[in-house]
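Shown below: model_16.txt, with compact mmCIF, C-alpha atoms.
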```txt
# COMPACT_ATOMS: atom_id res chain seq x y z
CA MET I 1 -49.79 53.40 -101.77
CA PHE I 2 -52.10 52.87 -98.82
CA THR I 3 -49.43 54.23 -96.54
CA VAL I 4 -49.48 57.46 -98.55
CA LEU I 5 -53.24 57.54 -98.13
CA MET I 6 -52.86 57.09 -94.36
CA TYR I 7 -50.43 60.02 -94.28
CA ILE I 8 -52.83 62.21 -96.24
CA VAL I 9 -55.74 61.31 -93.96
CA ALA I 10 -53.72 61.78 -90.76
CA PHE I 11 -52.21 65.05 -91.95
CA GLY I 12 -55.60 66.33 -93.11
CA PHE I 13 -57.18 65.68 -89.74
CA LEU I 14 -54.18 67.16 -88.00
CA VAL I 15 -54.50 70.44 -89.95
CA LEU I 16 -58.23 70.49 -89.31
CA SER I 17 -57.63 69.91 -85.64
CA PHE I 18 -54.99 72.65 -85.52
CA ILE I 19 -57.37 75.17 -87.09
CA LYS I 20 -60.09 74.31 -84.60
CA ASP I 21 -58.01 74.09 -81.44
CA LYS I 22 -54.24 74.49 -81.16
CA LYS I 23 -54.02 73.31 -77.60
CA LYS I 24 -55.98 70.14 -78.22
CA THR I 25 -53.86 69.38 -81.25
CA PHE I 26 -50.66 69.54 -79.23
CA LEU I 27 -52.31 67.35 -76.63
CA ALA I 28 -53.11 64.83 -79.38
CA LEU I 29 -49.53 64.84 -80.62
CA GLU I 30 -48.27 64.41 -77.10
CA LYS I 31 -50.62 61.47 -76.63
CA ALA I 32 -49.46 59.99 -79.96
CA TRP I 33 -45.83 60.20 -78.91
CA LYS I 34 -46.53 58.80 -75.43
CA SER I 35 -48.41 55.80 -76.83
CA PHE I 36 -45.59 55.15 -79.24
CA GLU I 37 -42.93 55.50 -76.58
CA ASN I 38 -44.95 53.20 -74.37
CA ILE I 39 -44.69 50.26 -76.77
CA MET I 40 -41.15 51.09 -77.96
CA PRO I 41 -39.29 48.49 -75.83
CA GLN I 42 -41.57 45.66 -76.97
CA LEU I 43 -41.55 46.90 -80.53
CA LEU I 44 -37.77 46.91 -80.76
CA SER I 45 -37.59 43.44 -79.22
CA ILE I 46 -40.16 42.18 -81.70
CA LEU I 47 -38.15 43.59 -84.58
CA VAL I 48 -34.98 41.81 -83.49
CA ILE I 49 -36.82 38.51 -82.86
CA ILE I 50 -38.41 38.68 -86.31
CA GLY I 51 -35.00 39.42 -87.81
CA ILE I 52 -33.36 36.39 -86.22
CA MET I 53 -36.36 34.17 -86.93
CA LEU I 54 -36.64 35.09 -90.58
CA ALA I 55 -32.90 34.76 -91.06
CA VAL I 56 -33.18 31.17 -89.88
CA LEU I 57 -36.60 30.49 -91.44
CA SER I 58 -35.77 31.97 -94.83
CA PRO I 59 -38.30 31.60 -97.67
CA GLU I 60 -36.23 28.65 -98.93
CA VAL I 61 -36.40 26.89 -95.56
CA ILE I 62 -40.14 27.57 -95.26
CA SER I 63 -40.61 26.16 -98.77
CA GLY I 64 -38.79 23.03 -97.76
CA LEU I 65 -40.86 22.63 -94.61
CA ILE I 66 -44.28 23.29 -96.11
CA GLY I 67 -43.73 22.35 -99.72
CA GLU I 68 -42.88 18.69 -99.34
CA LYS I 69 -45.17 17.62 -96.57
CA SER I 70 -48.82 17.25 -97.37
CA GLY I 71 -51.95 16.24 -95.50
CA TRP I 72 -52.51 17.01 -91.84
CA ARG I 73 -48.82 16.93 -91.01
CA GLY I 74 -48.15 19.54 -93.66
CA MET I 75 -50.99 21.67 -92.32
CA LEU I 76 -49.75 21.39 -88.76
CA MET I 77 -46.27 22.41 -89.87
CA ALA I 78 -47.67 25.32 -91.91
CA SER I 79 -49.78 26.49 -88.97
CA LEU I 80 -46.85 26.40 -86.57
CA ILE I 81 -44.62 28.36 -88.93
CA GLY I 82 -47.45 30.82 -89.58
CA SER I 83 -47.99 31.36 -85.86
CA VAL I 84 -44.40 32.09 -84.93
CA THR I 85 -43.38 34.17 -87.92
CA LEU I 86 -44.45 37.67 -88.71
CA ILE I 87 -44.08 38.42 -92.38
CA PRO I 88 -45.65 41.49 -94.01
CA GLY I 89 -48.33 40.71 -96.59
CA PHE I 90 -46.36 41.93 -99.56
CA VAL I 91 -43.73 39.27 -98.82
CA ALA I 92 -46.12 36.57 -97.59
CA PHE I 93 -48.45 36.43 -100.60
CA PRO I 94 -45.74 36.11 -103.25
CA LEU I 95 -44.12 33.47 -101.04
CA ALA I 96 -47.44 31.64 -100.79
CA SER I 97 -48.00 31.73 -104.51
CA ALA I 98 -44.44 30.47 -105.11
CA LEU I 99 -45.10 27.65 -102.62
CA LEU I 100 -48.22 26.69 -104.54
CA LYS I 101 -46.24 26.50 -107.78
CA SER I 102 -43.61 24.35 -106.13
CA GLY I 103 -46.24 21.82 -105.12
CA ALA I 104 -47.70 22.80 -101.75
CA GLY I 105 -51.45 22.25 -101.37
CA PHE I 106 -54.08 24.98 -101.13
CA MET I 107 -55.06 23.89 -97.63
CA GLN I 108 -51.51 24.11 -96.31
CA ILE I 109 -51.13 27.56 -97.84
CA ALA I 110 -54.49 28.73 -96.45
CA VAL I 111 -53.62 27.67 -92.93
CA PHE I 112 -50.19 29.29 -93.29
CA ILE I 113 -51.63 32.64 -94.44
CA SER I 114 -54.41 32.59 -91.87
CA THR I 115 -52.17 31.86 -88.88
CA LEU I 116 -49.61 34.33 -90.20
CA MET I 117 -52.19 37.10 -90.05
CA MET I 118 -54.28 36.20 -87.02
CA VAL I 119 -51.94 34.40 -84.64
CA GLY I 120 -48.96 36.30 -83.29
CA ILE I 121 -46.75 34.45 -80.85
CA VAL I 122 -43.99 37.04 -81.16
CA THR I 123 -46.33 39.94 -80.50
CA ILE I 124 -48.17 38.29 -77.63
CA PRO I 125 -46.29 40.24 -74.89
CA LEU I 126 -47.59 43.43 -76.47
CA GLU I 127 -51.09 42.02 -76.77
CA ILE I 128 -51.03 40.98 -73.11
CA LYS I 129 -50.09 44.51 -72.17
CA TYR I 130 -53.39 45.77 -73.57
CA PHE I 131 -55.74 42.79 -73.20
CA GLY I 132 -54.35 40.82 -70.29
CA LYS I 133 -53.01 37.29 -70.36
CA LYS I 134 -56.25 35.36 -70.55
CA ALA I 135 -57.88 37.35 -73.36
CA ALA I 136 -54.68 37.39 -75.43
CA ILE I 137 -54.11 33.66 -75.12
CA LEU I 138 -57.79 32.95 -75.81
CA ARG I 139 -57.85 35.12 -78.92
CA ASN I 140 -54.70 33.53 -80.32
CA SER I 141 -55.81 29.96 -79.57
CA LEU I 142 -59.22 30.52 -81.13
CA ALA I 143 -57.62 32.14 -84.17
CA PHE I 144 -55.30 29.14 -84.47
CA ILE I 145 -58.20 26.68 -84.47
CA PHE I 146 -60.17 28.92 -86.82
CA SER I 147 -57.28 28.88 -89.33
CA PHE I 148 -57.93 25.18 -89.89
CA ILE I 149 -61.58 25.91 -90.62
CA VAL I 150 -60.44 28.48 -93.18
CA ALA I 151 -58.16 25.85 -94.71
CA ILE I 152 -60.99 23.33 -94.97
CA ALA I 153 -63.23 25.93 -96.63
CA ILE I 154 -60.47 26.80 -99.11
CA GLY I 155 -59.89 23.09 -99.70
CA VAL I 156 -63.56 22.55 -100.52
CA VAL I 157 -63.84 25.57 -102.84
CA LEU I 158 -60.50 25.22 -104.62
CA ARG I 159 -59.98 21.54 -105.00
CA MET E 1 -30.44 55.80 -67.16
CA LYS E 2 -31.06 52.79 -64.94
CA MET E 3 -34.78 53.03 -65.71
CA LEU E 4 -34.00 53.12 -69.39
CA LEU E 5 -31.80 50.04 -69.13
CA LYS E 6 -34.49 48.24 -67.24
CA ARG E 7 -37.19 49.09 -69.77
CA TYR E 8 -35.07 47.97 -72.66
CA LYS E 9 -33.46 44.94 -71.06
CA TYR E 10 -35.14 42.38 -73.34
CA PHE E 11 -34.19 44.37 -76.39
CA LEU E 12 -30.58 44.54 -75.22
CA VAL E 13 -30.48 40.80 -74.47
CA LEU E 14 -31.82 40.09 -77.95
CA LEU E 15 -29.23 42.39 -79.50
CA VAL E 16 -26.49 40.46 -77.70
CA ILE E 17 -27.98 37.18 -78.99
CA ASN E 18 -27.95 38.58 -82.48
CA ILE E 19 -24.29 39.58 -82.13
CA VAL E 20 -23.44 36.09 -80.86
CA VAL E 21 -25.25 34.57 -83.84
CA TYR E 22 -23.29 36.90 -86.07
CA GLY E 23 -20.05 35.65 -84.53
CA LEU E 24 -20.99 31.97 -84.96
CA TYR E 25 -22.82 32.11 -88.28
CA PRO E 26 -21.85 35.34 -90.05
CA SER E 27 -24.25 34.89 -92.97
CA VAL E 28 -27.29 34.20 -90.78
CA GLY E 29 -26.34 37.05 -88.45
CA GLN E 30 -25.87 39.45 -91.34
CA ASN E 31 -29.21 38.39 -92.78
CA SER E 32 -30.92 38.90 -89.48
CA ILE E 33 -29.46 42.40 -89.10
CA ASP E 34 -30.56 43.28 -92.64
CA ILE E 35 -34.09 42.01 -92.01
CA THR E 36 -34.34 43.81 -88.67
CA TRP E 37 -33.14 47.03 -90.28
CA SER E 38 -35.53 46.86 -93.21
CA ASN E 39 -38.43 46.01 -90.88
CA ALA E 40 -37.50 48.94 -88.63
CA VAL E 41 -37.50 51.30 -91.61
CA GLU E 42 -40.81 49.84 -92.77
CA MET E 43 -42.28 50.23 -89.29
CA LEU E 44 -41.13 53.82 -88.93
CA SER E 45 -42.67 54.69 -92.27
CA VAL E 46 -46.03 53.05 -91.54
CA ILE E 47 -46.53 53.89 -87.89
CA PRO E 48 -46.53 57.75 -87.60
CA PRO E 49 -49.95 58.37 -89.20
CA ILE E 50 -51.50 55.57 -87.13
CA PHE E 51 -50.35 57.16 -83.89
CA ILE E 52 -51.31 60.66 -85.00
CA LEU E 53 -54.82 59.38 -85.69
CA LEU E 54 -54.78 57.67 -82.31
CA GLY E 55 -53.90 60.95 -80.59
CA LEU E 56 -56.59 62.87 -82.47
CA LEU E 57 -59.14 60.17 -81.69
CA ASP E 58 -58.23 60.46 -78.06
CA VAL E 59 -58.68 64.23 -77.74
CA TRP E 60 -61.56 64.85 -80.14
CA VAL E 61 -63.90 61.88 -79.87
CA GLN E 62 -65.81 62.09 -76.63
CA ARG E 63 -66.47 59.12 -74.45
CA GLU E 64 -70.22 59.54 -74.90
CA THR E 65 -69.89 59.44 -78.68
CA MET E 66 -67.76 56.33 -78.55
CA ILE E 67 -70.15 54.60 -76.18
CA LYS E 68 -72.99 55.37 -78.57
CA LEU E 69 -71.00 54.06 -81.54
CA MET E 70 -69.29 51.02 -80.07
CA GLY E 71 -70.45 50.69 -76.47
CA GLU E 72 -72.44 47.99 -74.66
CA LYS E 73 -75.73 48.98 -76.28
CA SER E 74 -74.40 49.73 -79.77
CA GLY E 75 -75.66 46.42 -81.19
CA ILE E 76 -75.02 45.60 -84.83
CA LEU E 77 -73.97 49.16 -85.60
CA GLY E 78 -71.13 48.84 -83.10
CA ALA E 79 -69.91 45.61 -84.65
CA LEU E 80 -70.07 47.16 -88.13
CA VAL E 81 -68.17 50.28 -87.06
CA ALA E 82 -65.52 48.08 -85.45
CA PHE E 83 -65.24 45.93 -88.55
CA PHE E 84 -64.86 48.85 -90.96
CA LEU E 85 -62.47 50.71 -88.70
CA GLY E 86 -60.22 47.64 -88.62
CA SER E 87 -60.52 46.85 -92.32
CA ALA E 88 -59.78 50.38 -93.44
CA ALA E 89 -56.47 50.40 -91.63
CA ALA E 90 -53.02 49.85 -93.00
CA GLY E 91 -50.16 48.64 -90.88
CA PRO E 92 -49.05 45.64 -88.88
CA LEU E 93 -51.22 44.10 -86.17
CA TYR E 94 -49.03 45.33 -83.33
CA ALA E 95 -49.95 48.92 -84.24
CA ALA E 96 -53.60 48.03 -83.63
CA PHE E 97 -53.14 47.23 -79.94
CA PRO E 98 -52.55 50.82 -78.75
CA ILE E 99 -55.60 51.92 -80.73
CA ALA E 100 -57.60 49.11 -79.16
CA GLY E 101 -56.43 50.51 -75.83
CA VAL E 102 -57.92 53.92 -76.63
CA LEU E 103 -61.16 52.31 -77.84
CA LEU E 104 -61.46 50.43 -74.54
CA GLN E 105 -60.66 53.52 -72.56
CA LYS E 106 -63.45 55.40 -74.35
CA GLY E 107 -66.00 52.78 -73.36
CA SER E 108 -66.25 50.50 -76.40
CA LYS E 109 -67.75 47.08 -75.86
CA PHE E 110 -65.08 44.43 -75.38
CA SER E 111 -66.30 42.17 -78.18
CA ASN E 112 -66.37 45.16 -80.56
CA VAL E 113 -62.73 45.92 -79.80
CA LEU E 114 -61.95 42.27 -80.55
CA ILE E 115 -63.84 42.53 -83.84
CA PHE E 116 -61.71 45.57 -84.61
CA ILE E 117 -58.55 43.55 -83.89
CA GLY E 118 -59.83 40.63 -85.97
CA ALA E 119 -60.62 42.83 -88.94
CA TRP E 120 -57.28 44.61 -88.67
CA SER E 121 -55.45 41.29 -88.59
CA THR E 122 -57.07 39.65 -91.56
CA THR E 123 -59.52 41.64 -93.68
CA LYS E 124 -57.53 44.82 -94.27
CA ILE E 125 -58.54 46.20 -97.66
CA PRO E 126 -54.99 46.89 -98.95
CA MET E 127 -54.06 43.34 -97.99
CA LEU E 128 -57.09 41.89 -99.80
CA LEU E 129 -56.12 43.69 -102.99
CA PHE E 130 -52.67 42.21 -102.74
CA GLU E 131 -54.01 38.76 -101.95
CA ASN E 132 -56.29 38.97 -104.96
CA SER E 133 -53.41 39.67 -107.31
CA SER E 134 -51.10 36.94 -106.07
CA MET E 135 -53.50 34.18 -105.00
CA GLY E 136 -56.44 34.75 -107.33
CA TRP E 137 -59.91 36.06 -106.55
CA LYS E 138 -61.38 32.68 -105.60
CA PHE E 139 -58.87 32.23 -102.78
CA MET E 140 -59.31 35.80 -101.59
CA VAL E 141 -63.12 35.81 -101.68
CA THR E 142 -63.43 32.42 -99.97
CA ARG E 143 -61.11 33.47 -97.19
CA PHE E 144 -62.87 36.82 -96.80
CA MET E 145 -66.33 35.22 -96.61
CA ILE E 146 -65.30 32.70 -93.99
CA ASP E 147 -63.26 35.30 -92.06
CA ILE E 148 -66.26 37.53 -91.31
CA PRO E 149 -68.20 34.98 -89.22
CA GLY E 150 -64.85 33.77 -87.83
CA ILE E 151 -63.88 37.20 -86.54
CA ILE E 152 -67.28 37.67 -84.91
CA LEU E 153 -67.24 34.20 -83.37
CA ILE E 154 -63.72 34.63 -81.96
CA ALA E 155 -64.72 38.00 -80.48
CA TYR E 156 -67.87 36.70 -78.80
CA ILE E 157 -66.33 33.50 -77.49
CA THR E 158 -63.37 35.41 -76.04
CA GLU E 159 -65.70 37.90 -74.36
CA LYS E 160 -67.96 35.13 -73.01
CA LEU E 161 -65.03 33.24 -71.51
CA LEU E 162 -63.87 36.25 -69.51
CA ASN E 163 -65.67 37.03 -66.29
CA GLU E 164 -66.73 40.53 -65.21
CA ARG E 165 -63.76 40.96 -62.93
CA GLU E 166 -61.27 40.09 -65.66
CA LYS E 167 -62.96 42.43 -68.12
CA GLN E 168 -63.05 45.25 -65.58
CA HIS E 169 -59.34 44.75 -65.03
CA ILE E 170 -58.65 45.15 -68.75
CA TYR E 171 -60.70 48.38 -68.84
CA ASP E 172 -58.92 49.71 -65.76
CA GLN E 173 -55.54 48.99 -67.32
CA ALA E 174 -56.54 50.74 -70.54
CA SER E 175 -57.38 53.96 -68.74
CA PHE E 176 -53.90 54.16 -67.27
CA LYS E 177 -52.23 54.46 -70.67
```

Represent the structure from my file as structure tokens, please.
Amino acid sequence: MFTVLMYIVAFGFLVLSFIKDKKKTFLALEKAWKSFENIMPQLLSILVIIGIMLAVLSPEVISGLIGEKSGWRGMLMASLIGSVTLIPGFVAFPLASALLKSGAGFMQIAVFISTLMMVGIVTIPLEIKYFGKKAAILRNSLAFIFSFIVAIAIGVVLR
Amino acid sequence: MKMLLKRYKYFLVLLVINIVVYGLYPSVGQNSIDITWSNAVEMLSVIPPIFILLGLLDVWVQRETMIKLMGEKSGILGALVAFFLGSAAAGPLYAAFPIAGVLLQKGSKFSNVLIFIGAWSTTKIPMLLFENSSMGWKFMVTRFMIDIPGIILIAYITEKLLNEREKQHIYDQASFK
């Protein structure tokens, strides 16, 4: 639904831009294509890596890895899986809620969701391309540590 | 042709790995191909409007305007703009990096661009709605509340730990793209 909204917004601005200045609009489209083409090689690689990774780390396997282990070991496992995988939200949240039902703790799930969203090992080459090595590694490491703080907060609120 | 091969060498290597996996473990290989395909379709459906907006942003929003909104002296306003820009988005995190590149190129403050990335990664509104329905509002609200200071802290610490030369290098790189 939000994707549709994005299309409407983008198309609306595009029409507006075209009415105001044809030349600039074509320049914008050219820039859009160039930026896309620029990240294409990394993007395709990321897609294949995610494919292989998720085929091995299927929801059942993830359940087995996070579901049984509890405590700090469970959280560490959840954070590592969350950091290396890249699952879209509409798959991740149902998976998380299923994990909860099958006995995983709130803290393990919180750290899993948080690292899943904020830490991206697979996408780090792309991030480095725009932010440089140091900034990209810093951001991901800080986000990794922060995910444990999120988990503790969730653990306190939802015990 | 040679250039093309060189640019896509990692992709090609990965494809070969996938084919090998398919040969050794047909079900895993098949699964992986299916997942890659459905992700590719998903990506191609989500990404076009993001890049169109990126292009329009690039040609219409002047550097001066962007500096005023998100530049060195933009203060709290800059952080807020960055936060809302990131939260209002839809799409995977990797689509945010090229936009971050344009923001840098237009003179946004480095920590504001990191706030934008942080918001995009974790407080996207469509994602929050989804989180609310599958995890419950308590989980969603707690995470959201703790994420806001977290995003800001990560942005400032990252900026502080980079020296001027490193930051300048990132800005220089951004203007090449």

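Closest approach to chain E among I:Leu100, I:Ile109, I:Leu86, I:Leu138: I:Leu138, based on all atoms listed in the file.
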
Which residues are close to Leu142 of chain I, i.e. within 9 Å by all atoms listed in the file, leaving aside same-chain residues fewer than 5 positions away? Reply as an MDAnalysis selection string. (chainID I and resid 119 137 147) or (chainID E and resid 154 157:158)

Could you dump the residues just selected with C-alpha atoms as a CSV table (one decimal), in the frame of the given file?
```
chain,number,residue,atom,x,y,z
I,119,VAL,CA,-51.9,34.4,-84.6
I,137,ILE,CA,-54.1,33.7,-75.1
I,147,SER,CA,-57.3,28.9,-89.3
E,154,ILE,CA,-63.7,34.6,-82.0
E,157,ILE,CA,-66.3,33.5,-77.5
E,158,THR,CA,-63.4,35.4,-76.0
```

Pick out the residues sitting within 9 Å of Arg159 of chain I, and hand them over as a PyMOL selection string; count only C-alpha atoms, and ignore anything fewer than 4 positions along from it in its own chain. chain I and resi 106+154-155

Compute the set of chain I residues within 7 Å of chain E, using all atoms listed in the file, and express it as JSON, numbers by chain. {"I": [2, 3, 6, 7, 10, 24, 28, 29, 31, 32, 35, 36, 41, 44, 45, 47, 48, 50, 51, 52, 54, 55, 56, 89, 93, 94, 97, 117, 118, 123, 127, 130, 131, 132, 135, 138, 139, 142, 143, 146, 150, 154]}

Restricting the calculation to all atoms listed in the file: of I:Val91, I:Leu99, I:Met77, I:Val122, which residue gets closest to Ile49 of chain I?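 Closest residue, counting all atoms listed in the file: I:Val122.
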
So which one's closest to Phe144 of chain I, I:Ser58, I:Ser79, I:Ser70, I:Ser102? Using all atoms listed in the file, please.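 Selected residue with least distance to Phe144 of chain I: I:Ser79.
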